[in-house]
Amino acid sequence: MSITTALRKRRAVRQLLPSEVEEAKIRALLEAAVWAPNDRLREPWHFYVLRGESKRRYEEAAAAYLQARFPAKPKLVEESMKVLLGTPVAIAVTADIVEGDPAATRDNEYAAACAIHGMWLAASELGLGLVWRTRGIGLVHDGGMHALIGAPEGRKVIGTLFVGYPAEETPETKRTDAAAKTTWLN
């Protein structure tokens with residue numbers, strides 16, 4: 001498959017089967033991630049794979065977070081938890097913080113985002129589905145995921161990936177033509 005075709009076929013897959021994902025496939029995703037572009041080859045990412053007991057702790061933390069944040073919206077809590085409970089593997093992705101250098105820290109965050117995209121493309125090739133979450137059950141912005149995975153202070157959580165086998169075909173999405181989003185300067 002060409003790179004352009006792979007990019008066009010990439011989808012956020014939210015409906016996953018509860019089937020376990022083979023460790024070899026998880027390792028293949030991680031291997032794809034480390035080939036992402038990164039400033040000065042700092043390789044600023046770190047991956048935390050949550051399965052088994054660590055995933056159960058994540059589910060408990062997410063349920064507590066959602067119930068506290070949305071006490072009057074039990075349907076929202078239920079729907080959000082359904083995604084997490086049906087996901088066999090979660091991967092938290094962090095980027096190194098460069099003390100005293102916000103520009104380098106931002107570059108590291110962008111590199112981690114590129115690593116996530118590499119995993120997303122590799123997931124499709126491996127027959128897996130993947131969705132990247134940064135809010136809600138991603139527990140990224142409130143510090144919950146950072147504490148859960150035990151990341152050191154010098155790392156920022158960029159997002160949580162839910163990985164598994166797709167439960168259904170994900171519909172095609174539309175994109176605005178590049179011409180509408182491009183300004184040519186001479």
# chains A, B, ... in the order shown; residues from 1 in each chain; ligands from 1
$ residues_around --residues "Ser54 in chain A" --least-positions-apart "2" --cutoff "12 Å" --atoms "only C-alpha atoms" --output "list in words"
Tyr48, Val49, Leu50, Arg51, Gly52, Arg56, Arg57, Tyr58, Glu59, Glu60, Ala61, Pro88, Val89, Ala90, Ile91, Ala92, Met145, Leu148, Ile149 and Gly150 of chain A
$ residues_around --residues "range 108-114 of chain A" --least-positions-apart "6" --cutoff "6 Å" --atoms "only C-alpha atoms" --output "ChimeraX atom specification"
/A:36,38,44-45,95
$ closest_atom_pairs --of "range 135-178 of chain A" --to "range 76-87 of chain A" --cutoff "9 Å" --atoms "only C-alpha atoms" --output "tab-separated table"
residue	atom	partner	partner_atom	distance
A:Gly136	CA	A:Ser80	CA	7.8
A:Ile137	CA	A:Ser80	CA	6.9
A:Phe162	CA	A:Thr87	CA	6.1
A:Val163	CA	A:Thr87	CA	6.4
A:Gly164	CA	A:Thr87	CA	6.1
A:Tyr165	CA	A:Thr87	CA	8.8
$ select_by_dssp --residues "range 90-173 of chain A" --states "alpha helix (DSSP H)" --output "PyMOL selection string"
chain A and resi 102-125+144-149
$ closest_residue --among "A:Pro74, A:Ala147, A:Pro166, A:Glu43" --to "Leu126 in chain A" --atoms "only C-alpha atoms"
A:Pro166
$ decode --residues "range 143-158 of chain A" --atoms "N, CA and C atoms" --output "tab-separated table (two decimals), in the first residue's frame"
chain	number	residue	atom	x	y	z
A	143	GLY	N	-3.66	15.34	35.11
A	143	GLY	CA	-2.55	14.71	35.82
A	143	GLY	C	-2.84	13.30	36.28
A	144	GLY	N	-4.06	12.83	36.08
A	144	GLY	CA	-4.42	11.48	36.54
A	144	GLY	C	-3.61	10.38	35.90
A	145	MET	N	-3.38	10.48	34.60
A	145	MET	CA	-2.62	9.44	33.90
A	145	MET	C	-1.15	9.48	34.33
A	146	HIS	N	-0.63	10.68	34.50
A	146	HIS	CA	0.77	10.84	34.92
A	146	HIS	C	1.00	10.08	36.23
A	147	ALA	N	0.09	10.27	37.17
A	147	ALA	CA	0.20	9.58	38.46
A	147	ALA	C	0.00	8.08	38.31
A	148	LEU	N	-0.96	7.69	37.49
A	148	LEU	CA	-1.27	6.27	37.32
A	148	LEU	C	-0.10	5.48	36.76
A	149	ILE	N	0.59	6.03	35.78
A	149	ILE	CA	1.68	5.29	35.14
A	149	ILE	C	3.01	5.48	35.87
A	150	GLY	N	3.05	6.41	36.81
A	150	GLY	CA	4.29	6.63	37.55
A	150	GLY	C	5.37	7.31	36.74
A	151	ALA	N	4.97	8.17	35.81
A	151	ALA	CA	5.95	8.89	34.98
A	151	ALA	C	6.69	9.89	35.86
A	152	PRO	N	7.99	10.03	35.63
A	152	PRO	CA	8.74	11.02	36.40
A	152	PRO	C	8.29	12.43	36.05
A	153	GLU	N	8.63	13.39	36.90
A	153	GLU	CA	8.21	14.77	36.70
A	153	GLU	C	8.67	15.36	35.38
A	154	GLY	N	9.73	14.90	34.82
A	154	GLY	CA	10.27	15.46	33.60
A	154	GLY	C	9.59	14.98	32.33
A	155	ARG	N	8.42	14.36	32.47
A	155	ARG	CA	7.69	13.90	31.29
A	155	ARG	C	6.26	14.43	31.31
A	156	LYS	N	5.80	14.78	30.13
A	156	LYS	CA	4.42	15.25	29.98
A	156	LYS	C	3.63	14.20	29.21
A	157	VAL	N	2.45	13.87	29.72
A	157	VAL	CA	1.59	12.92	29.02
A	157	VAL	C	0.97	13.62	27.82
A	158	ILE	N	1.16	13.05	26.65
A	158	ILE	CA	0.65	13.62	25.40
A	158	ILE	C	-0.71	13.03	25.05
